>>> print(open('start06.csv').read())   # CSV, C-alpha atoms and all ligand atoms
chain,number,residue,atom,x,y,z
A,1,MET,CA,-16.2,19.3,-10.6
A,2,TYR,CA,-14.7,15.9,-11.5
A,3,LYS,CA,-15.7,13.1,-9.1
A,4,ILE,CA,-15.2,9.4,-9.2
A,5,GLN,CA,-18.7,8.0,-8.7
A,6,SER,CA,-17.5,4.6,-7.6
A,7,THR,CA,-16.2,6.1,-4.4
A,8,GLU,CA,-19.6,5.7,-2.7
A,9,LYS,CA,-19.6,2.0,-3.5
A,10,MET,CA,-16.1,1.7,-2.1
A,11,LYS,CA,-17.1,3.4,1.2
A,12,ARG,CA,-20.0,1.0,1.5
A,13,ILE,CA,-17.9,-2.2,1.0
A,14,MET,CA,-15.1,-1.0,3.2
A,15,GLY,CA,-17.8,-0.3,6.0
A,16,GLU,CA,-19.2,-3.8,5.5
A,17,TYR,CA,-15.7,-5.3,5.6
A,18,PHE,CA,-14.9,-3.6,8.9
A,19,LEU,CA,-18.1,-4.7,10.5
A,20,SER,CA,-17.5,-8.3,9.4
A,21,LEU,CA,-14.4,-8.3,11.6
A,22,GLU,CA,-16.6,-8.0,14.7
A,23,SER,CA,-19.5,-10.1,13.6
A,24,GLY,CA,-18.1,-13.3,15.2
A,25,GLU,CA,-19.0,-15.3,12.2
A,26,LYS,CA,-15.4,-16.1,11.3
A,27,LYS,CA,-12.1,-16.3,13.2
A,28,VAL,CA,-9.8,-13.3,12.6
A,29,ALA,CA,-6.3,-13.4,11.3
A,30,TRP,CA,-4.2,-10.3,11.3
A,31,CYS,CA,-1.8,-10.0,8.4
A,32,THR,CA,0.8,-7.6,6.9
A,33,SER,CA,-0.5,-5.7,3.9
A,34,VAL,CA,1.7,-7.7,1.5
A,35,GLY,CA,1.5,-10.9,3.6
A,36,PRO,CA,0.1,-14.4,3.0
A,37,ALA,CA,-3.6,-13.2,2.9
A,38,GLU,CA,-4.6,-15.8,0.3
A,39,LEU,CA,-3.4,-18.7,2.5
A,40,LEU,CA,-5.2,-17.3,5.5
A,41,ARG,CA,-8.4,-16.8,3.6
A,42,SER,CA,-8.3,-20.4,2.4
A,43,PHE,CA,-8.7,-21.5,6.0
A,44,GLY,CA,-11.8,-19.3,6.3
A,45,PHE,CA,-10.3,-16.5,8.4
A,46,GLU,CA,-11.5,-12.9,8.0
A,47,VAL,CA,-8.3,-11.0,7.5
A,48,TYR,CA,-7.5,-7.7,9.2
A,49,PHE,CA,-4.6,-5.5,8.2
A,50,PRO,CA,-3.1,-3.2,11.0
A,51,GLU,CA,-1.3,-1.1,8.3
A,52,ASN,CA,-4.6,-0.2,6.9
A,53,HIS,CA,-5.5,1.0,10.4
A,54,GLY,CA,-2.2,2.9,10.5
A,55,ALA,CA,-3.2,4.7,7.3
A,56,LEU,CA,-6.6,5.5,8.8
A,57,LEU,CA,-4.9,7.0,11.9
A,58,GLY,CA,-2.7,9.1,9.5
A,59,ALA,CA,-5.6,10.2,7.3
A,60,THR,CA,-7.8,11.2,10.2
A,61,ARG,CA,-4.7,13.0,11.8
A,62,THR,CA,-5.3,11.2,15.0
A,63,ALA,CA,-1.9,9.4,14.9
A,64,MET,CA,-0.2,12.2,16.8
A,65,ASP,CA,-2.6,11.7,19.7
A,66,TYR,CA,-1.5,8.1,20.0
A,67,ILE,CA,2.2,8.0,19.2
A,68,PRO,CA,3.2,9.4,22.6
A,69,GLU,CA,1.5,6.3,24.3
A,70,ALA,CA,3.8,4.0,22.4
A,71,ILE,CA,6.8,6.2,23.2
A,72,LYS,CA,6.0,5.9,26.9
A,73,CYS,CA,6.1,2.2,26.4
A,74,GLY,CA,9.6,2.3,25.0
A,75,TYR,CA,9.1,2.7,21.2
A,76,SER,CA,11.2,5.4,19.6
A,77,GLY,CA,9.3,8.3,18.0
A,78,HIS,CA,11.6,7.8,15.0
A,79,VAL,CA,10.4,4.2,14.1
A,80,CYS,CA,7.5,3.5,11.8
A,81,SER,CA,4.6,5.8,12.7
A,82,TYR,CA,2.1,3.1,11.6
A,83,THR,CA,3.6,0.9,14.4
A,84,THR,CA,3.7,3.6,17.0
A,85,SER,CA,0.3,5.1,16.2
A,86,ASP,CA,-1.4,1.7,16.0
A,87,ILE,CA,0.2,0.5,19.3
A,88,GLY,CA,-0.6,3.9,20.9
A,89,SER,CA,-4.2,3.7,19.7
A,90,TYR,CA,-4.6,0.3,21.2
A,91,LEU,CA,-3.0,1.3,24.5
A,92,LYS,CA,-5.3,4.3,24.7
A,93,GLY,CA,-8.3,2.1,23.9
A,94,ASP,CA,-9.4,4.5,21.1
A,95,THR,CA,-9.6,4.2,17.3
A,96,PRO,CA,-11.4,6.0,14.5
A,97,LEU,CA,-12.8,2.5,13.6
A,98,LYS,CA,-15.4,3.3,16.3
A,99,THR,CA,-16.5,6.7,14.9
A,100,HIS,CA,-16.1,5.9,11.2
A,101,TYR,CA,-17.3,2.3,11.0
A,102,GLY,CA,-19.2,1.7,14.3
A,103,LEU,CA,-16.8,-1.0,15.6
A,104,GLN,CA,-16.4,-1.4,19.4
A,105,GLY,CA,-12.6,-1.2,19.2
A,106,HIS,CA,-9.6,-2.9,17.6
A,107,PRO,CA,-10.6,-6.3,16.1
A,108,LYS,CA,-9.3,-9.2,18.2
A,109,PRO,CA,-6.9,-11.6,16.5
A,110,ASP,CA,-7.1,-15.4,16.7
A,111,ILE,CA,-3.8,-15.6,14.8
A,112,ILE,CA,-1.3,-13.1,13.6
A,113,ALA,CA,0.8,-13.5,10.4
A,114,TYR,CA,3.5,-11.3,9.0
A,115,ASN,CA,5.9,-11.2,6.1
A,116,THR,CA,9.2,-9.2,6.4
A,117,ASN,CA,9.3,-8.7,2.6
A,118,GLN,CA,8.6,-5.0,3.4
A,119,CYS,CA,10.5,-4.5,6.7
A,120,ARG,CA,11.6,-5.9,10.0
A,121,GLU,CA,9.4,-3.5,11.8
A,122,VAL,CA,6.3,-5.5,11.2
A,123,GLU,CA,7.8,-8.4,13.2
A,124,ASP,CA,8.3,-6.2,16.2
A,125,TRP,CA,4.9,-4.5,15.8
A,126,PHE,CA,2.9,-7.8,15.4
A,127,THR,CA,4.8,-9.5,18.2
A,128,PHE,CA,3.7,-6.8,20.6
A,129,PHE,CA,0.1,-7.7,19.7
A,130,ALA,CA,0.7,-11.5,19.8
A,131,ASN,CA,1.9,-11.0,23.4
A,132,GLU,CA,-1.0,-8.7,24.3
A,133,PHE,CA,-3.7,-11.1,22.9
A,134,LYS,CA,-1.7,-14.3,23.8
A,135,CYS,CA,-2.4,-15.7,20.3
A,136,PRO,CA,-0.1,-17.6,17.9
A,137,ILE,CA,2.1,-15.7,15.6
A,138,VAL,CA,3.7,-16.9,12.3
A,139,GLY,CA,6.1,-15.2,10.0
A,140,ILE,CA,7.6,-15.4,6.6
A,141,HIS,CA,11.2,-14.1,6.3
A,142,PRO,CA,12.1,-14.0,2.6
A,143,PRO,CA,15.6,-13.0,1.3
A,144,ARG,CA,15.7,-9.3,0.7
A,145,HIS,CA,17.2,-6.7,-1.6
A,146,LEU,CA,17.7,-9.0,-4.6
A,147,ASP,CA,18.4,-8.1,-8.3
A,148,GLU,CA,16.7,-11.2,-9.5
A,149,ILE,CA,14.4,-13.7,-7.7
A,150,THR,CA,15.7,-17.2,-8.5
A,151,GLN,CA,14.3,-20.7,-7.9
A,152,ASP,CA,16.3,-21.0,-4.7
A,153,GLU,CA,14.6,-18.0,-3.1
A,154,ILE,CA,11.2,-19.3,-4.3
A,155,ASP,CA,11.8,-22.7,-2.8
A,156,LEU,CA,12.8,-21.2,0.5
A,157,VAL,CA,9.7,-19.0,0.7
A,158,VAL,CA,7.4,-21.8,-0.3
A,159,LYS,CA,8.8,-23.9,2.6
A,160,GLN,CA,8.1,-21.0,5.0
A,161,PHE,CA,4.5,-20.7,3.6
A,162,LYS,CA,3.9,-24.4,4.2
A,163,LYS,CA,5.2,-24.2,7.8
A,164,ILE,CA,2.3,-22.0,8.6
A,165,ILE,CA,-0.3,-24.6,7.7
A,166,PRO,CA,-0.4,-26.6,10.9
A,167,VAL,CA,-0.8,-23.5,13.0
A,168,CYS,CA,-3.6,-22.2,10.8
A,169,GLU,CA,-5.3,-25.7,10.9
A,170,GLU,CA,-5.2,-25.7,14.7
A,171,VAL,CA,-6.5,-22.2,15.1
A,172,SER,CA,-9.2,-22.3,12.4
A,173,GLY,CA,-10.2,-25.9,13.1
A,174,ASN,CA,-10.1,-26.5,9.3
A,175,LYS,CA,-7.8,-28.8,7.4
A,176,PHE,CA,-5.8,-27.2,4.6
A,177,ASN,CA,-7.6,-27.6,1.3
A,178,GLU,CA,-5.5,-26.9,-1.8
A,179,ASP,CA,-8.5,-26.4,-4.0
A,180,LYS,CA,-9.8,-23.6,-1.7
A,181,PHE,CA,-6.3,-22.1,-1.7
A,182,LYS,CA,-6.3,-22.1,-5.6
A,183,GLU,CA,-9.8,-20.5,-5.6
A,184,VAL,CA,-8.6,-17.7,-3.4
A,185,VAL,CA,-5.4,-17.2,-5.4
A,186,LYS,CA,-7.6,-17.0,-8.6
A,187,ARG,CA,-9.8,-14.3,-7.0
A,188,SER,CA,-6.8,-12.4,-5.8
A,189,LYS,CA,-5.2,-12.6,-9.3
A,190,ASP,CA,-8.4,-11.3,-11.0
A,191,ALA,CA,-8.7,-8.4,-8.5
A,192,THR,CA,-5.0,-7.4,-8.8
A,193,LEU,CA,-5.1,-7.5,-12.6
A,194,LEU,CA,-8.1,-5.2,-12.5
A,195,TRP,CA,-6.3,-2.9,-10.1
A,196,GLN,CA,-3.4,-2.8,-12.5
A,197,LYS,CA,-5.7,-1.8,-15.3
A,198,VAL,CA,-7.3,0.9,-13.1
A,199,LEU,CA,-3.8,2.4,-12.4
A,200,ARG,CA,-2.9,2.2,-16.1
A,201,THR,CA,-5.9,4.4,-17.1
A,202,SER,CA,-3.9,7.3,-15.8
A,203,SER,CA,-1.5,7.0,-18.8
A,204,ALA,CA,-4.3,8.8,-20.8
A,205,ASP,CA,-3.7,12.4,-21.9
A,206,THR,CA,-6.6,13.4,-19.6
A,207,PRO,CA,-6.0,11.0,-16.7
A,208,PRO,CA,-9.2,9.8,-14.8
A,209,ILE,CA,-7.5,8.8,-11.6
A,210,SER,CA,-4.5,10.4,-9.7
A,211,PHE,CA,-2.1,8.9,-7.3
A,212,PHE,CA,-4.0,10.7,-4.5
A,213,ASP,CA,-7.3,9.1,-5.6
A,214,GLY,CA,-5.5,5.8,-5.9
A,215,THR,CA,-4.5,5.9,-2.2
A,216,ILE,CA,-8.3,5.9,-1.4
A,217,HIS,CA,-9.4,3.4,-4.0
A,218,MET,CA,-6.7,0.9,-3.1
A,219,GLY,CA,-8.6,0.0,0.1
A,220,PRO,CA,-10.2,-3.1,-1.3
A,221,ILE,CA,-7.1,-4.5,-3.0
A,222,VAL,CA,-5.3,-4.3,0.3
A,223,VAL,CA,-8.0,-5.7,2.6
A,224,LEU,CA,-10.3,-7.7,0.4
A,225,ARG,CA,-8.1,-9.4,-2.2
A,226,GLY,CA,-9.1,-13.0,-2.5
A,227,THR,CA,-12.8,-12.1,-2.4
A,228,GLU,CA,-15.5,-11.6,-5.1
A,229,THR,CA,-16.2,-8.2,-3.5
A,230,ALA,CA,-12.8,-6.9,-4.6
A,231,ILE,CA,-13.3,-8.2,-8.2
A,232,ASP,CA,-16.7,-6.7,-8.4
A,233,TYR,CA,-15.5,-3.3,-7.1
A,234,TYR,CA,-12.5,-3.0,-9.5
A,235,SER,CA,-14.7,-4.0,-12.5
A,236,THR,CA,-17.1,-1.1,-11.6
A,237,LEU,CA,-14.3,1.3,-11.1
A,238,LEU,CA,-12.5,0.3,-14.3
A,239,ASN,CA,-15.7,0.7,-16.3
A,240,GLU,CA,-16.2,4.1,-15.0
A,241,LEU,CA,-12.7,5.3,-15.6
A,242,GLU,CA,-12.6,3.9,-19.1
A,243,GLU,CA,-15.9,5.7,-19.8
A,244,ASN,CA,-14.4,8.9,-18.5
A,245,ILE,CA,-11.4,8.5,-20.8
A,246,ALA,CA,-13.7,8.0,-23.8
A,247,ASN,CA,-15.6,11.2,-22.8
A,248,GLY,CA,-12.4,13.2,-22.3
A,249,GLN,CA,-13.1,13.5,-18.5
A,250,GLY,CA,-10.4,13.4,-15.9
A,251,PHE,CA,-9.2,15.1,-12.7
A,252,ILE,CA,-7.1,17.5,-14.9
A,253,LYS,CA,-7.4,18.2,-18.6
A,254,ASN,CA,-4.2,17.9,-20.5
A,255,PRO,CA,-1.8,18.5,-17.6
A,256,ARG,CA,1.3,20.5,-18.3
A,257,THR,CA,3.5,18.1,-16.4
A,258,ARG,CA,3.1,14.4,-15.5
A,259,ILE,CA,4.6,13.4,-12.1
A,260,PHE,CA,5.6,10.1,-10.5
A,261,TRP,CA,5.3,9.9,-6.7
A,262,GLU,CA,7.9,7.7,-5.0
A,263,GLY,CA,7.5,6.5,-1.4
A,264,MET,CA,4.7,6.6,1.1
A,265,PRO,CA,1.7,8.9,1.0
A,266,ILE,CA,1.6,11.7,3.6
A,267,TRP,CA,-1.8,10.5,4.8
A,268,GLY,CA,-2.8,13.7,6.7
A,269,LYS,CA,-2.1,15.8,3.6
A,270,ILE,CA,-3.6,13.9,0.7
A,271,ARG,CA,-6.2,16.6,-0.1
A,272,MET,CA,-3.7,19.4,0.3
A,273,MET,CA,-1.1,17.7,-1.9
A,274,SER,CA,-3.7,16.8,-4.6
A,275,ASP,CA,-4.9,20.4,-4.8
A,276,LEU,CA,-1.3,21.7,-4.8
A,277,PHE,CA,-0.3,19.7,-7.9
A,278,THR,CA,-3.5,20.2,-9.9
A,279,SER,CA,-3.5,23.9,-9.2
A,280,ASN,CA,0.0,24.0,-10.7
A,281,GLY,CA,-1.2,22.2,-13.9
A,282,ALA,CA,0.5,18.9,-12.8
A,283,ALA,CA,-0.9,15.4,-12.7
A,284,VAL,CA,0.6,12.9,-10.3
A,285,VAL,CA,-0.3,9.9,-12.4
A,286,ALA,CA,1.7,7.0,-11.0
A,287,SER,CA,3.5,5.8,-7.9
A,288,THR,CA,5.5,2.9,-6.4
A,289,TYR,CA,3.0,2.9,-3.5
A,290,CYS,CA,-0.2,2.1,-5.3
A,291,SER,CA,1.6,-0.3,-7.6
A,292,SER,CA,2.7,-2.3,-4.6
A,293,TRP,CA,-0.6,-4.3,-4.8
A,294,ILE,CA,-0.1,-5.5,-8.3
A,295,PHE,CA,0.7,-9.2,-8.0
A,296,ASP,CA,0.6,-10.2,-11.7
A,297,LYS,CA,2.5,-13.4,-11.0
A,298,PHE,CA,-0.4,-15.0,-9.1
A,299,ASP,CA,-1.4,-18.3,-10.8
A,300,GLU,CA,-4.0,-20.6,-9.4
A,301,ASN,CA,-2.5,-23.5,-11.2
A,302,ASP,CA,0.8,-23.0,-9.3
A,303,PRO,CA,-0.5,-21.4,-6.1
A,304,TRP,CA,2.6,-22.0,-3.9
A,305,GLU,CA,5.4,-20.9,-6.2
A,306,SER,CA,3.4,-18.1,-7.7
A,307,THR,CA,2.4,-16.5,-4.4
A,308,ALA,CA,5.9,-16.9,-3.1
A,309,ARG,CA,7.3,-15.2,-6.2
A,310,ALA,CA,4.7,-12.4,-6.2
A,311,TYR,CA,5.3,-11.5,-2.5
A,312,THR,CA,9.1,-11.7,-2.8
A,313,GLU,CA,9.6,-9.7,-6.0
A,314,ILE,CA,7.7,-6.6,-4.8
A,315,PHE,CA,9.4,-3.3,-5.3
A,316,ILE,CA,10.2,-2.6,-1.6
A,317,ASN,CA,11.9,-6.0,-1.3
A,318,ARG,CA,14.3,-5.4,-4.2
A,319,SER,CA,17.9,-4.2,-4.8
A,320,GLU,CA,18.5,-0.6,-5.8
A,321,LYS,CA,19.4,-1.8,-9.3
A,322,ALA,CA,16.1,-3.7,-9.7
A,323,LYS,CA,14.2,-0.7,-8.3
A,324,MET,CA,15.8,1.7,-10.8
A,325,LYS,CA,14.9,-0.6,-13.7
A,326,MET,CA,11.2,-0.7,-12.4
A,327,LEU,CA,11.1,3.0,-12.1
A,328,SER,CA,12.6,3.6,-15.5
A,329,ASP,CA,9.9,1.3,-17.0
A,330,TRP,CA,7.1,3.2,-15.2
A,331,PHE,CA,8.5,6.5,-16.4
A,332,LYS,CA,8.0,5.3,-20.0
A,333,GLU,CA,4.7,3.7,-19.4
A,334,TYR,CA,3.2,6.9,-17.9
A,335,ASN,CA,5.1,9.4,-20.0
A,336,ILE,CA,6.6,11.0,-16.8
A,337,ASP,CA,8.2,14.5,-16.7
A,338,GLY,CA,9.5,14.4,-13.2
A,339,ILE,CA,9.6,12.3,-10.0
A,340,VAL,CA,9.0,13.4,-6.4
A,341,TYR,CA,10.6,11.3,-3.7
A,342,HIS,CA,8.9,11.4,-0.4
A,343,ASP,CA,11.8,10.9,2.1
A,344,THR,CA,9.7,9.4,4.9
A,345,LYS,CA,11.2,10.1,8.3
A,346,THR,CA,9.9,7.0,10.1
A,347,CYS,CA,9.9,4.5,7.2
A,348,PHE,CA,13.5,3.9,6.1
A,349,ASN,CA,12.3,0.9,4.1
A,350,ASN,CA,10.0,2.8,1.8
A,351,SER,CA,12.3,5.8,1.2
A,352,ASN,CA,14.6,5.6,-1.7
A,353,ALA,CA,16.2,9.1,-1.6
A,354,LYS,CA,18.9,8.3,1.1
A,355,PHE,CA,21.6,6.6,-1.0
A,356,GLY,CA,21.8,8.7,-4.1
A,357,MET,CA,19.1,7.1,-6.2
A,358,PRO,CA,17.6,10.4,-7.3
A,359,GLN,CA,20.9,11.6,-8.7
A,360,ARG,CA,21.7,8.2,-10.4
A,361,LEU,CA,18.3,7.7,-11.8
A,362,LYS,CA,18.3,11.3,-13.1
A,363,GLU,CA,21.5,10.7,-14.9
A,364,SER,CA,20.4,7.4,-16.5
A,365,SER,CA,16.8,8.4,-17.4
A,366,GLY,CA,17.0,12.2,-17.8
A,367,ILE,CA,13.9,12.6,-15.6
A,368,PRO,CA,14.3,15.5,-13.1
A,369,ALA,CA,13.9,14.6,-9.4
A,370,LEU,CA,12.8,16.4,-6.2
A,371,VAL,CA,13.1,15.1,-2.7
A,372,ILE,CA,10.7,16.3,0.0
A,373,GLU,CA,10.8,15.4,3.6
A,374,GLY,CA,7.8,14.3,5.6
A,375,ASP,CA,6.1,11.3,7.1
A,376,LEU,CA,3.3,8.8,6.6
A,377,CYS,CA,1.5,9.7,9.8
A,378,ASP,CA,3.6,11.9,12.0
A,379,LEU,CA,3.1,15.4,10.7
A,380,ARG,CA,5.7,16.9,13.0
A,381,PHE,CA,8.2,15.8,10.4
A,382,PHE,CA,6.4,17.6,7.6
A,383,SER,CA,6.9,21.3,6.8
A,384,GLU,CA,4.0,22.4,4.6
A,385,GLY,CA,5.3,25.8,3.6
A,386,GLN,CA,8.7,24.5,2.7
A,387,SER,CA,7.2,21.6,0.7
A,388,ILE,CA,4.9,23.8,-1.2
A,389,THR,CA,7.7,26.1,-2.2
A,390,LYS,CA,9.9,23.2,-3.3
A,391,ILE,CA,7.2,21.5,-5.3
A,392,GLU,CA,6.0,24.7,-7.1
A,393,THR,CA,9.6,25.6,-8.0
A,394,PHE,CA,10.2,22.1,-9.3
A,395,LEU,CA,7.1,22.1,-11.4
A,396,GLU,CA,8.1,25.5,-12.9
A,397,GLN,CA,11.6,24.3,-13.7
A,398,ILE,CA,10.2,21.2,-15.5
A,399,GLU,CA,7.8,23.4,-17.5
A,400,GLU,CA,10.6,25.8,-18.5
A,401,SER,CA,12.9,23.0,-19.5
A,402,LYS,CA,10.1,21.6,-21.7
A,403,VAL,CA,9.8,25.0,-23.5
A,404,TYR,CA,13.5,25.3,-24.1
A,405,ASN,CA,14.2,21.8,-25.2
B,501,LIG,S1,7.2,-0.6,5.3
B,501,LIG,FE1,7.5,1.3,6.5
B,501,LIG,S2,5.5,2.1,6.9
B,501,LIG,FE2,5.2,0.0,6.3
B,501,LIG,S3,5.2,-1.2,8.2
B,501,LIG,FE3,7.3,-1.2,7.4
B,501,LIG,S4,8.3,0.6,8.4
B,501,LIG,FE4,6.1,0.8,8.6
>>> encode(input="start06.csv", output="structure tokens")
Amino acid sequence: MYKIQSTEKMKRIMGEYFLSLESGEKKVAWCTSVGPAELLRSFGFEVYFPENHGALLGATRTAMDYIPEAIKCGYSGHVCSYTTSDIGSYLKGDTPLKTHYGLQGHPKPDIIAYNTNQCREVEDWFTFFANEFKCPIVGIHPPRHLDEITQDEIDLVVKQFKKIIPVCEEVSGNKFNEDKFKEVVKRSKDATLLWQKVLRTSSADTPPISFFDGTIHMGPIVVLRGTETAIDYYSTLLNELEENIANGQGFIKNPRTRIFWEGMPIWGKIRMMSDLFTSNGAAVVASTYCSSWIFDKFDENDPWESTARAYTEIFINRSEKAKMKMLSDWFKEYNIDGIVYHDTKTCFNNSNAKFGMPQRLKESSGIPALVIEGDLCDLRFFSEGQSITKIETFLEQIEESKVYN
């Protein structure tokens, strides 16, 4: 039975991270998952990511217990189920953070920061909590859906980053220190480049890590980037995976098909999906989702422009043309045979199957595509039986076309 041994280490550091949010040693900043975490850490904040909590609610399948609470409060059941489950969990005064990590409840924010590079929903979601906790809220609103990111966009985003400084200084009680900011950016860069190498190991013939494993091992790059802990963790994981490649070990030996996953994970069905693909001889080796935390433009010698660029040029914030180019490059890098689009009911922003991209990308790349419907947290939008049938048929068709071509 193939097992990634580093998982135990990851569980330990994630547990320590969550407990640190309640230790009272540092003030706490809430931040969006692709938000200005480096800047916040440079002021000495511990950083908490509500989206990570949303993923936990999805993975523990508790989200559906909480979503109705947010609906009662006026939120539509068709908006981001991270938002509705997180708000509902808070309103109900319950969270798996208590049972899984021994916290007393939701960590309390001293300041809240968001970046709409991923969606407008985060602004609504985080504003709800700023009102609840009566704490300052700051936001970055970069231009969206661009083919190319030019100097004009970078200048604008840098200005917005710098506007946050006085609020952070007041809440933290610390003056902005550019050297500290550079140090954090350097640590984030080191961790994100290791994460990139971790993901790239799955281009091996016998891949040592799948997309589904990646959704678990990405925890530290989301919540601990900018720390030595993240660098140390991804060094350990990378060593293990490289050793496994050298020994011909992986989660599947010589898969018959290599699949790309586009869109959000279905958090409550990670294990089921993983087993479904491997039992059909398929390896899901790459994804837009796990790649979202590769910020290879970070540069400690140019911390403002490089962070502004890295956070503005992410996949979710780009035009359809730019996204298709990125996907085509990944297809080649990972030797992809087919792509599965998860058309996520409550996340319009991270679903790319609604405007004909599957058809257009199939025409330009020749890579077959399948669209399945589901959701990140709300399993009422996911039909397991229908999805299994669609995926098995799709994999069979790819295998047949490989035989006849
Ligand atoms: S990108 Fe989608 S899942 Fe993430 S916060 Fe925005 S709407 Fe929710």
>>> closest_residue(input="start06.csv", among="A:Arg256, A:Gly88, A:Gly102, A:Lys163", to="Val403 of chain A", atoms="all atoms listed in the file")
A:Arg256
>>> closest_residue(input="start06.csv", among="A:Thr60, A:Ser42, A:Ser274, A:Thr227", to="Glu169 of chain A", atoms="all atoms listed in the file")
A:Ser42
>>> closest_atom_pairs(input="start06.csv", of="segment 103-146 of chain A", to="segment 300-318 of chain A", cutoff="12 Å", atoms="only C-alpha atoms", output="CSV")
residue,atom,partner,partner_atom,distance
A:Tyr114,CA,A:Tyr311,CA,11.6
A:Asn115,CA,A:Tyr311,CA,8.6
A:Thr116,CA,A:Asn317,CA,8.8
A:Asn117,CA,A:Asn317,CA,5.4
A:Gln118,CA,A:Ile316,CA,5.8
A:Cys119,CA,A:Asn317,CA,8.3
A:Arg120,CA,A:Asn317,CA,11.3
A:Ile140,CA,A:Ala308,CA,10.0
A:His141,CA,A:Thr312,CA,9.6
A:Pro142,CA,A:Thr312,CA,6.6
A:Pro143,CA,A:Thr312,CA,7.8
A:Arg144,CA,A:Asn317,CA,5.4
A:His145,CA,A:Arg318,CA,4.1
A:Leu146,CA,A:Arg318,CA,5.0
>>> residues_near_point(input="start06.csv", point="(3.0, 0.5, 13.3)", cutoff="12 Å", atoms="all atoms listed in the file", output="number ranges by chain")
A: 32-33, 49-58, 63, 66-67, 70, 75-90, 119-129, 346-347, 376-378
>>> closest_residue(input="start06.csv", among="A:Thr62, A:Asn239, A:Ser210, A:Ser172", to="Gln5 of chain A", atoms="only C-alpha atoms")
A:Asn239
